[in-house]
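> Contents are compact mmCIF, C-alpha atoms; file name protein_19.txt:
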```
# COMPACT_ATOMS: atom_id res chain seq x y z
CA MET T 1337 123.40 -28.92 0.86
CA ILE T 1338 122.72 -31.19 -2.09
CA ARG T 1339 124.08 -30.16 -5.50
CA ASP T 1340 122.89 -30.28 -9.07
CA ALA T 1341 124.79 -32.01 -11.91
CA ASN T 1342 127.14 -29.04 -12.13
CA ARG T 1343 127.94 -29.15 -8.43
CA VAL T 1344 125.87 -26.04 -7.78
CA PRO T 1345 124.46 -26.29 -4.25
CA THR T 1346 120.89 -25.67 -3.29
CA VAL T 1347 119.94 -22.82 -1.01
CA GLY T 1348 120.20 -23.76 2.61
CA ALA T 1349 119.35 -22.38 5.98
CA VAL T 1350 119.70 -23.27 9.62
CA THR T 1351 116.86 -24.73 11.60
CA ASN T 1352 114.88 -22.38 13.78
CA ASN T 1353 115.19 -24.49 16.92
CA ALA T 1354 118.94 -24.67 17.47
CA ALA T 1355 119.97 -22.33 14.62
CA LEU T 1356 122.94 -24.63 14.10
CA THR T 1357 121.83 -27.46 11.83
CA PRO T 1358 122.07 -26.69 8.11
CA VAL T 1359 119.16 -27.97 6.03
CA ASP T 1360 118.04 -27.69 2.43
CA VAL T 1361 115.26 -25.29 1.58
CA LEU T 1362 112.45 -27.38 0.08
CA VAL T 1363 110.56 -26.84 -3.14
CA ASN T 1364 107.18 -28.28 -4.12
CA PRO T 1365 107.95 -30.40 -7.22
CA ALA T 1366 104.45 -29.84 -8.58
CA THR T 1367 104.69 -26.06 -8.57
CA ASN T 1368 108.40 -25.36 -8.01
CA GLY T 1369 107.13 -23.02 -5.33
CA LEU T 1370 109.33 -22.45 -2.31
CA LEU T 1371 107.81 -24.01 0.80
CA ILE T 1372 107.28 -21.40 3.48
CA ASP T 1373 106.09 -21.70 7.04
CA ALA T 1374 103.70 -18.81 7.41
CA THR T 1375 103.71 -18.41 11.15
CA LEU T 1376 104.09 -14.66 11.11
CA SER T 1377 101.04 -12.72 12.11
CA SER T 1378 99.02 -11.15 9.34
CA ALA T 1379 97.35 -8.87 11.84
CA SER T 1380 98.13 -5.20 12.22
CA THR T 1381 100.58 -3.97 14.84
CA SER T 1382 98.67 -0.77 15.53
CA PHE T 1383 95.33 0.93 15.12
CA ASP T 1384 93.65 4.25 15.72
CA HIS T 1385 90.12 5.32 16.53
CA GLY T 1386 87.79 8.20 17.18
CA ALA T 1387 84.34 9.58 16.58
CA LYS T 1388 82.60 12.30 14.61
CA SER T 1389 79.77 14.25 16.15
CA GLY T 1390 77.38 16.78 14.70
CA ILE T 1391 76.72 15.08 11.38
CA GLY T 1392 73.75 16.56 9.54
CA ALA T 1393 72.78 17.31 5.97
CA THR T 1394 76.24 18.52 4.96
CA ALA T 1395 79.05 16.08 4.18
CA LEU T 1396 81.80 16.07 6.81
CA ALA T 1397 85.13 14.27 6.94
CA ILE T 1398 84.89 11.68 9.69
CA THR T 1399 88.40 12.63 10.85
CA ALA T 1400 91.49 14.58 9.89
CA VAL T 1401 93.69 11.86 11.37
CA ASP T 1402 96.25 10.51 8.89
CA PHE T 1403 96.53 6.80 9.66
CA PRO T 1404 97.67 4.46 6.86
CA CYS T 1405 95.49 1.37 7.24
CA TYR T 1406 96.61 -2.23 7.04
CA PHE T 1407 93.06 -3.55 6.59
CA GLY T 1408 90.60 -0.67 6.48
CA VAL T 1409 88.15 1.29 8.59
CA ILE T 1410 85.18 0.12 10.64
CA VAL T 1411 82.52 2.82 10.90
CA LYS T 1412 79.66 2.42 13.35
CA ALA T 1413 76.67 4.69 13.76
CA LEU T 1414 75.51 5.67 17.21
CA ALA T 1415 72.44 3.61 18.12
CA ALA T 1416 70.56 6.73 19.24
CA ASN T 1417 71.10 8.63 15.98
CA PRO T 1418 67.91 10.33 14.75
CA ASP T 1419 68.82 9.87 11.07
CA ASN T 1420 70.48 7.42 8.71
CA LEU T 1421 74.06 8.05 7.67
CA TYR T 1422 75.73 7.64 4.30
CA ILE T 1423 79.48 7.05 4.05
CA GLY T 1424 81.42 7.97 0.94
CA SER T 1425 83.93 10.39 -0.54
CA ALA T 1426 83.86 14.18 -0.29
CA THR T 1427 80.93 14.37 -2.71
CA VAL T 1428 78.79 11.87 -0.80
CA THR T 1429 75.03 12.38 -0.93
CA PRO T 1430 72.34 10.92 1.35
CA GLY T 1431 70.35 8.71 -0.99
CA THR T 1432 69.48 11.52 -3.37
CA ALA T 1433 71.80 10.98 -6.35
CA ASP T 1434 72.77 7.58 -7.74
CA ALA T 1435 76.20 8.76 -8.87
CA THR T 1436 77.31 9.98 -5.45
CA ASP T 1437 75.19 8.22 -2.81
CA GLY T 1438 77.22 6.75 0.02
CA VAL T 1439 76.98 3.46 1.87
CA PHE T 1440 73.79 3.36 3.92
CA LEU T 1441 74.26 3.15 7.68
CA GLU T 1442 71.24 2.88 9.93
CA PRO T 1443 71.51 3.87 13.62
CA GLY T 1444 73.60 1.35 15.55
CA ARG T 1445 74.89 -0.45 12.45
CA PRO T 1446 78.56 -0.97 11.52
CA VAL T 1447 80.22 -1.19 8.13
CA THR T 1448 83.79 -2.14 7.23
CA ILE T 1449 85.36 -0.25 4.35
CA GLU T 1450 88.75 -1.45 3.12
CA VAL T 1451 90.08 2.00 2.45
CA SER T 1452 93.70 3.05 2.98
CA ASN T 1453 93.13 5.96 5.36
CA PRO T 1454 90.20 7.07 7.54
CA ASN T 1455 90.64 10.66 6.38
CA LEU T 1456 89.30 9.63 2.97
CA LEU T 1457 85.84 8.96 4.40
CA TYR T 1458 83.01 11.48 4.61
CA ALA T 1459 79.61 11.16 6.22
CA ILE T 1460 76.28 12.83 5.58
CA ALA T 1461 72.82 12.27 7.10
CA ASP T 1462 69.37 12.18 5.55
CA GLY T 1463 68.23 14.58 8.27
CA ALA T 1464 69.48 17.53 10.26
CA GLY T 1465 70.75 15.37 13.08
CA PRO T 1466 72.83 15.81 15.06
CA ASN T 1467 74.21 12.35 14.39
CA LYS T 1468 77.37 10.65 15.57
CA LEU T 1469 79.57 7.85 14.30
CA TYR T 1470 82.55 5.98 15.67
CA TRP T 1471 85.46 4.65 13.65
CA VAL T 1472 88.44 2.41 14.11
CA ALA T 1473 91.23 2.25 11.53
CA ILE T 1474 93.38 -0.85 11.46
CA MET E 1351 118.62 -34.15 -10.80
CA THR E 1352 117.78 -30.83 -12.41
CA ASP E 1353 120.47 -28.39 -13.47
CA PHE E 1354 120.09 -24.86 -12.23
CA LYS E 1355 119.86 -22.57 -15.25
CA ARG E 1356 122.58 -19.99 -15.67
CA ASP E 1357 122.58 -16.48 -16.99
CA SER E 1358 124.96 -15.14 -19.63
CA ASN E 1359 127.68 -14.80 -16.99
CA ARG E 1360 127.27 -18.43 -15.95
CA VAL E 1361 125.71 -17.43 -12.64
CA PRO E 1362 123.25 -20.13 -11.62
CA VAL E 1363 119.76 -19.43 -10.37
CA SER E 1364 118.89 -20.50 -6.85
CA GLY E 1365 117.05 -23.66 -6.00
CA GLY E 1366 116.14 -26.07 -3.30
CA ALA E 1367 115.56 -29.74 -2.71
CA SER E 1368 112.32 -31.44 -3.66
CA SER E 1369 109.94 -31.78 -0.75
CA THR E 1370 109.09 -35.25 -2.04
CA ASP E 1371 112.49 -36.90 -1.63
CA ALA E 1372 114.83 -34.11 -0.42
CA THR E 1373 117.25 -35.29 -3.10
CA LEU E 1374 116.05 -33.91 -6.42
CA THR E 1375 117.31 -30.39 -7.01
CA LEU E 1376 114.70 -27.95 -8.26
CA PRO E 1377 115.11 -24.29 -9.26
CA PHE E 1378 112.91 -21.65 -7.70
CA ARG E 1379 110.46 -20.07 -10.12
CA VAL E 1380 109.51 -16.45 -10.56
CA ASN E 1381 106.32 -15.02 -12.00
CA PRO E 1382 107.54 -13.36 -15.21
CA VAL E 1383 104.79 -10.76 -15.03
CA THR E 1384 105.38 -9.61 -11.47
CA GLY E 1385 108.96 -10.77 -10.88
CA ARG E 1386 107.84 -12.29 -7.60
CA LEU E 1387 109.12 -15.57 -6.23
CA LEU E 1388 106.55 -18.36 -6.24
CA VAL E 1389 105.95 -19.78 -2.80
CA ASP E 1390 103.95 -22.75 -1.59
CA SER E 1391 102.69 -21.93 1.87
CA ILE E 1392 101.68 -24.68 4.26
CA SER E 1393 99.32 -22.13 5.76
CA ALA E 1394 97.61 -21.35 2.49
CA GLY E 1395 94.19 -21.09 4.12
CA VAL E 1396 92.95 -18.30 6.30
CA SER E 1397 92.74 -20.28 9.51
CA SER E 1398 95.07 -19.59 12.40
CA ALA E 1399 97.30 -21.92 14.39
CA VAL E 1400 96.77 -19.63 17.38
CA PHE E 1401 93.65 -20.02 19.46
CA ASP E 1402 93.07 -18.72 22.95
CA THR E 1403 90.11 -17.32 24.81
CA GLY E 1404 89.39 -15.27 27.89
CA SER E 1405 87.23 -12.60 29.43
CA ASN E 1406 87.30 -9.38 31.36
CA LEU E 1407 84.38 -9.60 33.74
CA ASP E 1408 84.71 -6.21 35.39
CA VAL E 1409 85.02 -3.41 32.87
CA ASP E 1410 84.38 -0.13 34.62
CA THR E 1411 84.35 3.52 33.64
CA VAL E 1412 88.14 3.86 33.62
CA ALA E 1413 90.11 2.56 30.64
CA GLU E 1414 91.90 -0.73 31.24
CA GLN E 1415 93.60 -3.35 29.12
CA LEU E 1416 91.35 -6.04 27.75
CA VAL E 1417 93.98 -8.44 29.05
CA ALA E 1418 97.20 -7.53 30.87
CA ALA E 1419 99.38 -10.38 29.60
CA SER E 1420 100.57 -10.57 26.02
CA MET E 1421 98.33 -12.75 23.81
CA PRO E 1422 99.82 -12.67 20.29
CA ALA E 1423 97.40 -13.16 17.44
CA ILE E 1424 97.88 -14.36 13.88
CA ARG E 1425 94.57 -13.04 12.55
CA GLY E 1426 93.20 -10.82 15.28
CA VAL E 1427 90.90 -10.61 18.28
CA LEU E 1428 87.16 -11.29 18.33
CA MET E 1429 85.28 -9.62 21.17
CA ALA E 1430 81.73 -10.32 22.34
CA THR E 1431 79.56 -8.77 25.02
CA PRO E 1432 76.70 -10.52 26.83
CA VAL E 1433 73.17 -9.34 26.19
CA ALA E 1434 72.88 -8.81 29.94
CA ASN E 1435 75.39 -5.95 29.90
CA THR E 1436 73.72 -2.78 31.10
CA GLY E 1437 76.12 -0.44 29.33
CA VAL E 1438 78.23 -0.05 26.24
CA ILE E 1439 81.90 -1.10 26.09
CA TYR E 1440 84.20 1.08 24.00
CA VAL E 1441 87.40 -0.43 22.55
CA GLY E 1442 90.48 1.57 21.63
CA ASN E 1443 94.02 2.51 22.59
CA ALA E 1444 95.18 3.40 26.11
CA ASP E 1445 93.51 6.82 25.80
CA VAL E 1446 90.10 5.37 24.93
CA THR E 1447 87.03 7.28 26.09
CA ALA E 1448 83.43 6.17 26.32
CA GLY E 1449 81.60 8.34 23.84
CA THR E 1450 82.60 11.62 25.46
CA THR E 1451 85.43 12.93 23.24
CA ASP E 1452 85.52 12.62 19.46
CA ALA E 1453 89.32 12.48 19.29
CA THR E 1454 89.63 9.48 21.61
CA ASP E 1455 86.28 7.69 21.63
CA GLY E 1456 86.58 3.97 21.07
CA ILE E 1457 84.45 1.83 18.82
CA PRO E 1458 81.34 0.84 20.81
CA ILE E 1459 80.18 -2.71 21.43
CA ASN E 1460 76.59 -2.68 22.60
CA ALA E 1461 75.20 -5.51 24.71
CA GLY E 1462 75.02 -8.71 22.72
CA GLU E 1463 77.25 -7.54 19.89
CA THR E 1464 80.59 -8.72 18.54
CA LEU E 1465 83.59 -6.92 17.08
CA PHE E 1466 86.63 -8.35 15.29
CA LEU E 1467 89.83 -6.32 15.12
CA GLU E 1468 92.84 -7.51 13.11
CA ILE E 1469 95.37 -6.57 15.80
CA ASP E 1470 98.45 -8.67 16.54
CA ASP E 1471 98.16 -8.78 20.32
CA ALA E 1472 95.08 -8.68 22.54
CA ASN E 1473 96.92 -6.68 25.16
CA LYS E 1474 97.05 -3.69 22.80
CA LEU E 1475 93.30 -3.28 23.23
CA TYR E 1476 91.84 -1.16 25.98
CA VAL E 1477 88.24 -1.11 27.09
CA ILE E 1478 86.06 1.29 29.01
CA GLY E 1479 82.41 1.03 29.94
CA SER E 1480 79.63 3.57 29.85
CA ALA E 1481 78.70 2.03 33.19
CA ALA E 1482 80.55 -0.04 35.76
CA ASN E 1483 80.67 -3.82 35.98
CA GLN E 1484 80.40 -4.68 32.29
CA LYS E 1485 81.61 -7.97 30.84
CA ILE E 1486 83.43 -8.80 27.64
CA PHE E 1487 84.68 -12.10 26.24
CA TYR E 1488 87.36 -12.53 23.61
CA VAL E 1489 88.89 -15.06 21.26
CA VAL E 1490 92.46 -14.64 20.03
CA ILE E 1491 93.23 -16.32 16.71
```
Any chance you could give the structure as structure tokens?

Amino acid sequence: MIRDANRVPTVGAVTNNAALTPVDVLVNPATNGLLIDATLSSASTSFDHGAKSGIGATALAITAVDFPCYFGVIVKALAANPDNLYIGSATVTPGTADATDGVFLEPGRPVTIEVSNPNLLYAIADGAGPNKLYWVAI
Amino acid sequence: MTDFKRDSNRVPVSGGASSTDATLTLPFRVNPVTGRLLVDSISAGVSSAVFDTGSNLDVDTVAEQLVAASMPAIRGVLMATPVANTGVIYVGNADVTAGTTDATDGIPINAGETLFLEIDDANKLYVIGSAANQKIFYVVI
């Protein structure tokens, strides 16, 4: 390891090929940021999924499953749904009140919501249904 | 040569060597607001160094792995179905069902659609068709 004027050594590490050779950790002189080799996956290691049937004119939780998300939840409406769906919180309304209307979801369409848990999402239809949606939390 | 600053107990901060000449000593820096170490990633963009492709050309009405061998991903797995598929392919865990059971139904991919899941290995994905002999293609990145 190289040293500063006071003989203080830099931080070192071993190489990842043989794990034997000591090398200096490098710093970008423009930013003083530590150089890192970001080869680790940023993808999630697990996911969960399910569906919610019988959605009509009353808001329903899409699931009771407690799954902490890494990215969020993809919700997809069944293509054969008779009505449009709206996705929101427990107070979600189907296009009838600006303050509480949910995200519009036509039959067959998906939407990705970067929420932390699928059990936070509720669905309501602008008709009596029955409608169905699918979800995957990741 | 830069001296590493010391605290009141004369303990020096940590540092490394300059990436320009590997000789100049430089202290690491920390964001004073967050206390987090500043890093300079060589993979600062969102692209992946991993890229592989494949298909499963015979998805039937029993759940099966999208691909049996491990295919690690950095970003995730993009799946696409041909418009000629006659059924719907559902994607999920090993217990995935094809639109028959709310608790285990997978996310559907209709014919001609795509789906991207940020999962770290393609072999964690299972598929099942609403009809036999469906096809699905995938890209691992």
> Residues of chain E within 7 Å of chain T, counting all atoms listed in the file - could you list those as a count of residues only?
36
> Excluding Val1417 in chain E and its own-chain neighbours fewer than 5 positions away, which residues fall within 8 Å of it when counting only C-alpha atoms? Please give them as an NGL selection string.
:E and (1405-1406 or 1472-1473 or 1475)
> Can you tell me how far CA of Val1446 in chain E sits from CA of Asp1408 in chain E, in Å to one decimal?
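Taking CA of Val1446 in chain E and CA of Asp1408 in chain E, their separation equals 16.5 Å.
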> Mind pulling up the distance from CA of Ala1435 in chain T to CA of Leu1421 in chain T?
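According to the coordinates, CA of Leu1421 in chain T and CA of Ala1435 in chain T are separated by 16.7 Å.
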> I'd like the contact shell of Pro1418 in chain T - 8 Å cut-off, only C-alpha atoms, skipping same-chain residues fewer than 6 positions apart - returned as JSON, numbers by chain.
{"T": [1443, 1463, 1465, 1466, 1467]}
> By how many Å are CA of Ala1433 in chain T and CA of Ala1397 in chain T apart?
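CA of Ala1433 in chain T sits 19.1 Å away from CA of Ala1397 in chain T.
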> Find the smallest box with edges along x, y and z containing every listed atom of range 1402-1413 of chain E, then add 3 Å on each side and report centre and edge lengths in Å to one decimal, as JSON.

```
{"center_x": 88.7, "center_y": -7.4, "center_z": 29.2, "size_x": 14.7, "size_y": 28.6, "size_z": 18.4}
```
> Point out the residue among E:Glu1463, E:Asp1471, E:Ile1486, E:Tyr1476 with the least atom-to-atom distance to Ser1420 in chain E, counting all atoms listed in the file.
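For Ser1420 in chain E, the nearest of the candidates is E:Asp1471.
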> Please identify all polymer residues within 12 Å of Ala1481 in chain E, counting all atoms listed in the file, omitting same-chain residues fewer than 4 positions from it, and present them as a PDB file with C-alpha atoms, keeping the file's coordinate frame.

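Output contents, as saved in part36.pdb:
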```
ATOM      1  CA  ASP E1408      84.710  -6.210  35.390  1.00  0.00           C
ATOM      2  CA  VAL E1409      85.020  -3.410  32.870  1.00  0.00           C
ATOM      3  CA  ASP E1410      84.380  -0.130  34.620  1.00  0.00           C
ATOM      4  CA  THR E1411      84.350   3.520  33.640  1.00  0.00           C
ATOM      5  CA  VAL E1412      88.140   3.860  33.620  1.00  0.00           C
ATOM      6  CA  ALA E1413      90.110   2.560  30.640  1.00  0.00           C
ATOM      7  CA  ASN E1435      75.390  -5.950  29.900  1.00  0.00           C
ATOM      8  CA  THR E1436      73.720  -2.780  31.100  1.00  0.00           C
ATOM      9  CA  GLY E1437      76.120  -0.440  29.330  1.00  0.00           C
ATOM     10  CA  VAL E1438      78.230  -0.050  26.240  1.00  0.00           C
ATOM     11  CA  ILE E1439      81.900  -1.100  26.090  1.00  0.00           C
ATOM     12  CA  TYR E1440      84.200   1.080  24.000  1.00  0.00           C
ATOM     13  CA  ALA E1448      83.430   6.170  26.320  1.00  0.00           C
ATOM     14  CA  GLY E1449      81.600   8.340  23.840  1.00  0.00           C
ATOM     15  CA  ASN E1460      76.590  -2.680  22.600  1.00  0.00           C
ATOM     16  CA  ALA E1461      75.200  -5.510  24.710  1.00  0.00           C
ATOM     17  CA  VAL E1477      88.240  -1.110  27.090  1.00  0.00           C
ATOM     18  CA  LYS E1485      81.610  -7.970  30.840  1.00  0.00           C
TER      19      LYS E1485
END
```
> Which one of T:Tyr1422, T:Pro1430, T:Gly1438, T:Pro1404 sits closest to Pro1454 in chain T if you count all atoms listed in the file?
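Result for the nearest residue to Pro1454 in chain T: T:Pro1404.
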